[in-house]
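Q: Next up, structure36.cif (mmCIF, C-alpha atoms).
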data_entry
loop_
_atom_site.label_atom_id
_atom_site.label_comp_id
_atom_site.auth_asym_id
_atom_site.auth_seq_id
_atom_site.Cartn_x
_atom_site.Cartn_y
_atom_site.Cartn_z
CA MET A 1 -3.49 7.04 21.47
CA LYS A 2 -4.59 3.48 20.97
CA GLU A 3 -4.91 1.80 17.61
CA SER A 4 -8.69 1.47 17.91
CA THR A 5 -9.11 5.14 18.83
CA PHE A 6 -7.01 6.13 15.88
CA LEU A 7 -8.93 3.92 13.49
CA ASN A 8 -12.19 5.35 14.77
CA ILE A 9 -10.99 8.83 13.92
CA ILE A 10 -9.63 7.81 10.52
CA ASP A 11 -12.54 5.63 9.46
CA PRO A 12 -14.98 8.37 8.43
CA VAL A 13 -12.21 10.28 6.66
CA LYS A 14 -10.50 7.48 4.77
CA ASP A 15 -13.04 7.36 1.95
CA LYS A 16 -12.67 11.09 1.43
CA MET A 17 -8.90 10.71 1.44
CA TYR A 18 -9.15 7.90 -1.07
CA ARG A 19 -11.41 9.88 -3.39
CA MET A 20 -9.06 12.86 -3.18
CA ALA A 21 -6.14 10.59 -4.06
CA LEU A 22 -8.14 9.04 -6.87
CA ARG A 23 -9.01 12.47 -8.29
CA LEU A 24 -5.35 13.46 -8.36
CA LEU A 25 -3.64 10.18 -9.22
CA THR A 26 -6.37 8.71 -11.49
CA SER A 27 -5.30 5.11 -10.95
CA LYS A 28 -7.20 3.15 -8.32
CA GLU A 29 -4.14 1.16 -7.26
CA ALA A 30 -2.05 4.30 -6.83
CA ALA A 31 -4.85 5.95 -4.87
CA GLU A 32 -5.20 2.96 -2.56
CA ASP A 33 -1.46 2.88 -1.93
CA ALA A 34 -1.40 6.60 -1.30
CA THR A 35 -4.28 6.40 1.19
CA GLN A 36 -2.65 3.54 3.05
CA GLU A 37 0.63 5.40 3.10
CA VAL A 38 -0.96 8.57 4.47
CA ILE A 39 -2.82 6.64 7.17
CA LEU A 40 0.49 5.11 8.24
CA LYS A 41 2.09 8.53 8.29
CA LEU A 42 -0.69 9.86 10.50
CA TRP A 43 -0.35 6.85 12.80
CA LYS A 44 3.34 7.49 13.22
CA ARG A 45 2.55 11.05 14.23
CA LYS A 46 -0.33 10.06 16.44
CA ASP A 47 1.03 11.83 19.48
CA LYS A 48 1.14 15.11 17.63
CA ILE A 49 -2.21 14.91 15.86
CA LYS A 50 -3.96 14.41 19.21
CA HIS A 51 -3.59 18.13 19.78
CA TYR A 52 -4.88 19.18 16.38
CA ALA A 53 -8.31 20.77 16.51
CA ASN A 54 -9.36 19.48 13.11
CA ILE A 55 -7.81 16.11 12.41
CA GLU A 56 -9.94 15.59 9.32
CA ALA A 57 -8.69 18.75 7.65
CA PHE A 58 -5.14 17.79 8.58
CA ALA A 59 -5.57 14.30 7.13
CA MET A 60 -6.89 15.78 3.90
CA THR A 61 -3.97 18.21 3.72
CA VAL A 62 -1.48 15.39 4.16
CA THR A 63 -3.26 13.36 1.47
CA LYS A 64 -3.23 16.31 -0.90
CA ASN A 65 0.46 16.97 -0.34
CA TYR A 66 1.40 13.32 -0.62
CA CYS A 67 -0.43 12.93 -3.94
CA LEU A 68 1.10 16.10 -5.37
CA ASP A 69 4.52 14.78 -4.37
CA GLN A 70 3.75 11.50 -6.10
CA LEU A 71 2.74 13.34 -9.25
CA LYS A 72 5.94 15.34 -9.18
CA LEU A 73 7.97 12.16 -8.75
CA LYS A 74 6.24 10.53 -11.68
CA GLN A 75 6.78 13.57 -13.85
CA ASN A 76 10.46 13.61 -13.02
CA ASN A 77 10.66 9.99 -14.06
CA ASN A 78 8.96 10.84 -17.34
CA LEU A 79 6.15 8.52 -16.37
CA ARG A 80 2.50 9.24 -16.27
CA ILE A 81 0.16 7.49 -13.96
CA VAL A 82 -2.23 5.75 -16.27
CA HIS A 83 -5.47 4.45 -15.00
CA GLN A 84 -6.58 0.94 -15.74
CA ASN A 85 -9.98 1.15 -14.20
CA TYR A 86 -11.74 -0.28 -17.18
CA GLU A 87 -14.99 -1.80 -16.15
CA SER A 88 -16.97 -4.05 -18.37
CA HIS A 89 -20.44 -2.83 -19.16
CA HIS A 90 -22.61 -5.72 -18.32
CA ALA A 91 -25.94 -5.83 -19.97
CA SER A 92 -27.84 -2.77 -18.90
CA LEU A 93 -30.48 -0.47 -20.25
CA GLN A 94 -29.57 1.87 -23.04
CA THR A 95 -30.20 4.92 -20.88
CA GLU A 96 -27.97 3.56 -18.16
CA ILE A 97 -25.14 3.14 -20.64
CA GLU A 98 -25.69 6.67 -21.86
CA VAL A 99 -25.55 8.02 -18.34
CA ASN A 100 -22.38 6.03 -17.67
CA ASP A 101 -20.85 7.48 -20.82
CA GLU A 102 -21.70 10.95 -19.66
CA MET A 103 -20.19 10.26 -16.26
CA GLN A 104 -16.99 8.96 -17.82
CA TRP A 105 -16.85 11.99 -20.04
CA LEU A 106 -17.30 14.24 -17.02
CA GLY A 107 -14.53 12.37 -15.26
CA ARG A 108 -12.24 13.09 -18.16
CA ILE A 109 -13.20 16.77 -18.16
CA VAL A 110 -12.44 17.04 -14.45
CA ALA A 111 -9.15 15.21 -14.95
CA ARG A 112 -8.06 17.89 -17.43
CA LEU A 113 -8.62 20.74 -14.98
CA PRO A 114 -5.59 22.33 -13.32
CA GLU A 115 -4.70 20.47 -10.14
CA GLN A 116 -5.79 23.23 -7.80
CA GLN A 117 -9.23 23.56 -9.38
CA LYS A 118 -9.56 19.79 -9.46
CA MET A 119 -8.89 19.54 -5.73
CA ILE A 120 -11.20 22.39 -4.80
CA PHE A 121 -13.99 20.98 -6.96
CA GLN A 122 -13.46 17.62 -5.28
CA LEU A 123 -13.57 19.10 -1.79
CA ARG A 124 -16.57 21.31 -2.35
CA ASP A 125 -18.90 19.64 -4.83
CA ILE A 126 -18.15 16.02 -4.05
CA GLU A 127 -17.16 16.00 -0.39
CA GLN A 128 -19.20 19.09 0.51
CA TYR A 129 -16.74 20.76 2.83
CA ASP A 130 -17.45 24.34 3.85
CA TYR A 131 -15.14 27.11 2.71
CA ASP A 132 -13.50 27.36 6.09
CA GLU A 133 -12.31 23.77 5.97
CA ILE A 134 -11.26 23.96 2.34
CA ALA A 135 -9.20 27.03 3.22
CA LYS A 136 -7.44 25.01 5.90
CA ILE A 137 -6.86 21.98 3.72
CA MET A 138 -5.65 23.93 0.71
CA ASP A 139 -3.84 26.58 2.74
CA MET A 140 -5.45 29.32 0.64
CA ASN A 141 -7.75 32.21 1.45
CA GLN A 142 -11.48 31.88 0.87
CA THR A 143 -11.71 34.40 -1.95
CA ALA A 144 -9.09 32.55 -3.94
CA ILE A 145 -10.95 29.32 -3.32
CA ARG A 146 -14.24 30.77 -4.54
CA VAL A 147 -12.57 32.06 -7.67
CA ALA A 148 -10.94 28.71 -8.41
CA LEU A 149 -14.17 26.86 -7.71
CA SER A 150 -16.14 29.16 -9.96
CA ARG A 151 -13.61 28.63 -12.73
CA ALA A 152 -13.74 24.88 -12.27
CA ARG A 153 -17.55 24.76 -12.37
CA LYS A 154 -17.75 26.98 -15.44
CA ALA A 155 -15.01 25.05 -17.24
CA ILE A 156 -16.68 21.73 -16.62
CA ARG A 157 -20.03 22.98 -17.85
CA GLU A 158 -18.57 24.67 -20.90
CA ASN A 159 -16.84 21.45 -21.88
CA LEU A 160 -20.03 19.50 -21.36
CA ILE A 161 -22.05 21.88 -23.53
CA LYS A 162 -19.36 21.87 -26.20
CA LYS A 163 -19.40 18.09 -26.32
CA HIS A 164 -23.16 17.98 -26.59
CA ASN A 165 -23.22 20.53 -29.41
CA TYR A 166 -20.63 18.51 -31.34
CA GLY A 167 -22.76 15.48 -30.81
CA ILE A 168 -25.77 17.17 -32.38
CA ARG A 169 -24.07 18.77 -35.34
CA MET B 1 -39.30 24.63 -6.52
CA GLU B 2 -39.87 27.42 -9.07
CA LEU B 3 -37.58 27.50 -12.02
CA ASP B 4 -36.56 31.14 -11.67
CA LYS B 5 -35.42 30.57 -8.10
CA ILE B 6 -33.31 27.65 -9.27
CA GLU B 7 -31.83 29.74 -12.04
CA ARG B 8 -30.95 32.50 -9.62
CA LEU B 9 -29.25 29.96 -7.36
CA LEU B 10 -27.37 28.50 -10.33
CA GLU B 11 -26.01 31.91 -11.25
CA ARG B 12 -24.57 32.25 -7.77
CA TYR B 13 -23.43 28.63 -7.91
CA ASP B 14 -21.39 29.42 -11.01
CA GLU B 15 -19.70 32.26 -9.17
CA GLY B 16 -18.91 30.04 -6.19
CA GLU B 17 -21.15 32.09 -3.90
CA THR B 18 -23.74 29.55 -2.83
CA SER B 19 -23.71 28.18 0.70
CA LEU B 20 -23.68 24.47 1.46
CA ALA B 21 -27.39 24.59 2.29
CA GLU B 22 -28.21 26.21 -1.04
CA GLU B 23 -26.10 23.67 -2.87
CA LYS B 24 -28.00 20.95 -1.09
CA LEU B 25 -31.26 22.42 -2.41
CA LEU B 26 -29.86 22.43 -5.91
CA ARG B 27 -28.58 18.89 -5.58
CA GLU B 28 -31.97 17.62 -4.42
CA TYR B 29 -33.71 19.43 -7.23
CA PHE B 30 -31.43 18.10 -9.95
CA LEU B 31 -31.30 14.55 -8.68
CA ASN B 32 -34.99 14.11 -8.07
CA GLU B 33 -37.01 16.28 -10.44
CA GLU B 34 -37.64 16.71 -14.12
CA VAL B 35 -35.08 19.14 -15.41
CA PRO B 36 -35.68 21.40 -18.45
CA GLU B 37 -33.39 20.86 -21.43
CA HIS B 38 -31.26 23.99 -21.01
CA LEU B 39 -30.26 22.93 -17.48
CA MET B 40 -29.26 19.39 -18.41
CA SER B 41 -25.56 20.16 -18.07
CA TYR B 42 -26.09 21.10 -14.43
CA LYS B 43 -28.01 17.90 -13.86
CA LEU B 44 -25.10 15.88 -15.22
CA MET B 45 -22.67 17.73 -12.97
CA PHE B 46 -24.71 17.04 -9.87
CA MET B 47 -25.16 13.43 -10.91
CA PHE B 48 -21.43 13.14 -11.37
CA SER B 49 -20.72 14.56 -7.92
CA ALA B 50 -23.28 12.26 -6.33
CA LYS B 51 -21.84 9.25 -8.11
CA GLN B 52 -18.26 10.03 -7.12
CA VAL B 53 -19.10 9.76 -3.44
CA GLU B 54 -19.92 6.10 -3.98
CA GLU B 55 -16.25 5.36 -4.50
CA THR B 56 -14.90 3.95 -1.25
CA PHE B 57 -11.60 2.80 0.13
CA GLU B 58 -12.00 -0.95 0.36
CA LYS B 59 -8.59 -2.03 1.54
CA LYS B 60 -8.45 -2.82 5.20
CA THR B 61 -6.64 -0.12 7.07
CA LYS B 62 -3.82 -1.39 9.15
CA VAL B 63 -1.45 0.82 11.01
CA ASN B 64 1.20 -1.25 12.75
CA SER B 65 1.93 -3.96 10.25
CA THR B 66 5.50 -2.79 9.64
CA ASN B 67 6.11 -2.39 13.38
CA ASN B 68 4.94 -5.95 13.89
CA TRP B 69 7.19 -7.18 11.13
CA TYR B 70 10.21 -5.57 12.69
CA THR B 71 9.51 -6.91 16.16
CA TRP B 72 8.90 -10.45 14.97
CA SER B 73 11.94 -10.53 12.73
CA SER B 74 14.14 -9.23 15.54
CA ILE B 75 12.76 -11.85 17.91
CA ALA B 76 13.51 -14.54 15.34
CA ALA B 77 17.04 -13.23 14.85
CA ILE B 78 17.74 -13.24 18.57
CA LEU B 79 16.41 -16.79 18.87
CA ILE B 80 18.60 -18.02 16.03
CA ILE B 81 21.72 -16.45 17.50
CA ALA B 82 20.98 -17.72 21.02
CA LEU B 83 20.30 -21.27 19.86
CA GLY B 84 23.39 -21.20 17.67
CA ILE B 85 25.64 -20.21 20.56
CA PHE B 86 23.98 -22.80 22.79
CA PHE B 87 24.52 -25.70 20.41
CA PHE B 88 28.03 -24.89 19.25
CA ASN B 89 29.28 -24.39 22.76
CA ASP B 90 28.00 -27.84 23.66
CA SER B 91 30.12 -29.36 26.48
CA SER B 92 29.88 -32.90 25.04
CA ARG B 93 32.56 -31.99 22.54
CA THR B 94 35.28 -31.40 25.15
CA LEU B 95 36.82 -34.31 27.10
CA ASN B 96 35.02 -35.01 30.28
CA GLU B 97 37.01 -35.94 33.41
CA SER B 98 34.44 -38.42 34.67
CA ASP B 99 34.49 -40.37 31.38
CA LEU B 100 38.18 -41.24 31.67
CA GLY B 101 38.79 -43.53 34.69
CA THR B 102 35.76 -45.75 34.89
CA ILE B 103 37.79 -48.70 36.23
CA SER B 104 39.27 -48.01 39.64
CA ASP B 105 40.81 -51.48 40.40
CA GLU B 106 44.44 -51.58 39.09
CA GLU B 107 44.50 -55.35 38.52
CA LEU B 108 41.35 -55.19 36.47
CA ALA B 109 42.62 -52.17 34.60
CA LEU B 110 45.81 -54.02 33.58
CA GLN B 111 43.82 -57.00 32.41
CA LYS B 112 41.46 -54.86 30.41
CA THR B 113 44.36 -53.04 28.81
CA LYS B 114 46.02 -56.30 27.88
CA GLU B 115 42.80 -57.59 26.40
CA THR B 116 42.44 -54.47 24.35
CA LEU B 117 46.03 -54.56 23.12
CA ASN B 118 45.72 -58.26 22.29
CA MET B 119 42.65 -57.55 20.28
CA VAL B 120 44.47 -54.81 18.42
CA SER B 121 47.45 -57.06 17.61
CA GLN B 122 45.14 -59.86 16.56
CA PHE B 123 43.49 -57.62 14.04
CA MET B 124 46.89 -56.40 12.96
CA ASN B 125 48.06 -59.97 12.28
CA GLU B 126 44.89 -60.85 10.45
CA GLY B 127 45.38 -57.88 8.23
CA LYS B 128 49.07 -58.62 7.74
CA SER B 129 48.45 -62.26 6.76
CA ASP B 130 46.74 -61.02 3.62
CA LEU B 131 49.96 -59.29 2.60
CA VAL B 132 52.07 -62.47 2.38
CA TYR B 133 51.67 -62.79 -1.33
CA LEU B 134 53.54 -59.55 -1.79
CA LYS B 135 56.75 -61.54 -1.41
CA GLU B 136 55.99 -63.13 -4.78
CA PHE B 137 56.79 -59.84 -6.45
CA ASN B 138 60.21 -59.78 -4.88
CA LYS B 139 60.98 -63.31 -6.06
CA THR B 140 60.13 -62.51 -9.63
CA THR B 141 62.18 -59.38 -9.84
CA ASN B 142 65.17 -61.08 -8.24
CA ARG B 143 65.06 -63.83 -10.82
CA ILE B 144 64.94 -61.38 -13.67
CA ILE B 145 67.79 -59.39 -12.30
CA GLU B 146 69.86 -62.59 -11.93
CA ILE B 147 69.34 -63.40 -15.59
CA ASP B 148 70.31 -59.96 -16.63
CA GLN B 149 73.58 -60.16 -14.74
#
Using structure tokens, write down the structure from this file.
A:
Amino acid sequence: MKESTFLNIIDPVKDKMYRMALRLLTSKEAAEDATQEVILKLWKRKDKIKHYANIEAFAMTVTKNYCLDQLKLKQNNNLRIVHQNYESHHASLQTEIEVNDEMQWLGRIVARLPEQQKMIFQLRDIEQYDYDEIAKIMDMNQTAIRVALSRARKAIRENLIKKHNYGIR
Amino acid sequence: MELDKIERLLERYDEGETSLAEEKLLREYFLNEEVPEHLMSYKLMFMFSAKQVEETFEKKTKVNSTNNWYTWSSIAAILIIALGIFFFNDSSRTLNESDLGTISDEELALQKTKETLNMVSQFMNEGKSDLVYLKEFNKTTNRIIEIDQ
């Protein structure tokens, strides 16, 4: 496989890989490194992945596993990956700021979910994969995925409602 | 779309039973239309999901950078070693046969040798003439010793 062919295959997937890494690792730098690392790994195995029916699902699986490994490593080192993605709010409308606040809050809620739910929520609601593909990527059966997804969705919404009620009272 | 249909879809959405097409309907509804107060939390969730997709991987993907690095560094190493051997084995450092007997005529060779030796002895004498005053030291010591005796 040539480099250009490989890059053509990877190009549509790399954003999804990056977002998956970002969801798990939180820090943008760590997510970028992880994505780059996974792409290199795939390139080194280019002769094998030629025969894979679904390269995208495989790439996502490798990304998922790599990030989980990274998290384990960091935990063993008693380190936490801390994000430093602080963006300055340049002058914008009040409503825009409010929406941004809500989005940040949601991001924090999602970050607190168990890793499995986090990943499934990412794959389904953000990347819009069908259950078949998610099953391949996560190496789980579809029923288990639906259950985890349902839990994730309910948990996120409950937290949102709770926050809003606190805000009012 | 009617509200009760949306609410029915949302119930199934919560259970993880909606299809991708149904979720697309929901997404379009929540992103584009006025949403009643009790469904605001869903709206935020769909907004969040839509916003997350905007995050993209901006680094340029490169796959064979490390390979390149290895090849170039090995080429450089080979060059350095090859050049090193070439220069340190330079033949100019060993005596060359053709540089020795440039004068073939014996008569001329003798004359040249004499000239050279004369020149050497001349320089020797010039250098030695500066050492004459050293005798002065001997004189002085002798005189002192004589007195002492």
Q: At a cut-off of 12 Å, list the chain B residues touching chain A, using all atoms listed in the file, as a PyMOL selection string.
A: chain B and resi 10-24+26-27+37-67
Q: With distances taken over all atoms listed in the file, which of A:Lys162, A:Lys2, A:Glu133, A:Val38 is nearest to A:Ala53?
A: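 Of all the options, A:Glu133 lies closest to A:Ala53.
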Q: Could you please determine the separation between atom CA of A:Glu115 and atom CA of A:Asp69 in Å, to one decimal place?
A: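 So the two atoms, atom CA of A:Glu115 and atom CA of A:Asp69, lie 12.3 Å apart.
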Q: Between A:Met1, A:Glu98, A:Cys67, A:Ile120, which has the minimum distance to A:Arg45 (counting all atoms listed in the file)?
A: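 Going through A:Met1, A:Glu98, A:Cys67, A:Ile120 one by one, the smallest distance to A:Arg45 is for A:Met1.
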Q: Counting all atoms listed in the file, which of A:Ala21, A:Ile49, A:Ala144, A:Ile97 gets nearest to A:Met119?
A: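 The answer is A:Ala21, which sits nearest to A:Met119.
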Q: Can you measure atom CA of B:Asp4 to atom CA of B:Tyr29 for me? One decimal in Å is fine.
A: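 We find that atom CA of B:Asp4 and atom CA of B:Tyr29 lie 12.8 Å from each other.
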Q: For a test of reading the model, state the distance in Å between atom CA of A:Tyr52 and atom CA of A:Ser4, rounded to one decimal.
A: 18.2 Å
Q: The PyMOL selection byres ((chain A and resi 61) around 10) - which residues does that actually catch in the file I just gave you? List them as a tab-separated table (two decimals) with C-alpha atoms, in the coordinates of the input.
A:
chain	number	residue	atom	x	y	z
A	17	MET	CA	-8.90	10.71	1.44
A	55	ILE	CA	-7.81	16.11	12.41
A	56	GLU	CA	-9.94	15.59	9.32
A	57	ALA	CA	-8.69	18.75	7.65
A	58	PHE	CA	-5.14	17.79	8.58
A	59	ALA	CA	-5.57	14.30	7.13
A	60	MET	CA	-6.89	15.78	3.90
A	62	VAL	CA	-1.48	15.39	4.16
A	63	THR	CA	-3.26	13.36	1.47
A	64	LYS	CA	-3.23	16.31	-0.90
A	65	ASN	CA	0.46	16.97	-0.34
A	66	TYR	CA	1.40	13.32	-0.62
A	67	CYS	CA	-0.43	12.93	-3.94
A	134	ILE	CA	-11.26	23.96	2.34
A	136	LYS	CA	-7.44	25.01	5.90
A	137	ILE	CA	-6.86	21.98	3.72
A	138	MET	CA	-5.65	23.93	0.71
A	139	ASP	CA	-3.84	26.58	2.74
Q: Which centre and edge lengths in Å to one decimal define the box along x, y and z that fits every listed atom of stretch 44-53 of chain B plus 3 Å per side, as JSON?
A:
{"center_x": -21.7, "center_y": 13.5, "center_z": -9.3, "size_x": 12.9, "size_y": 14.5, "size_z": 17.8}
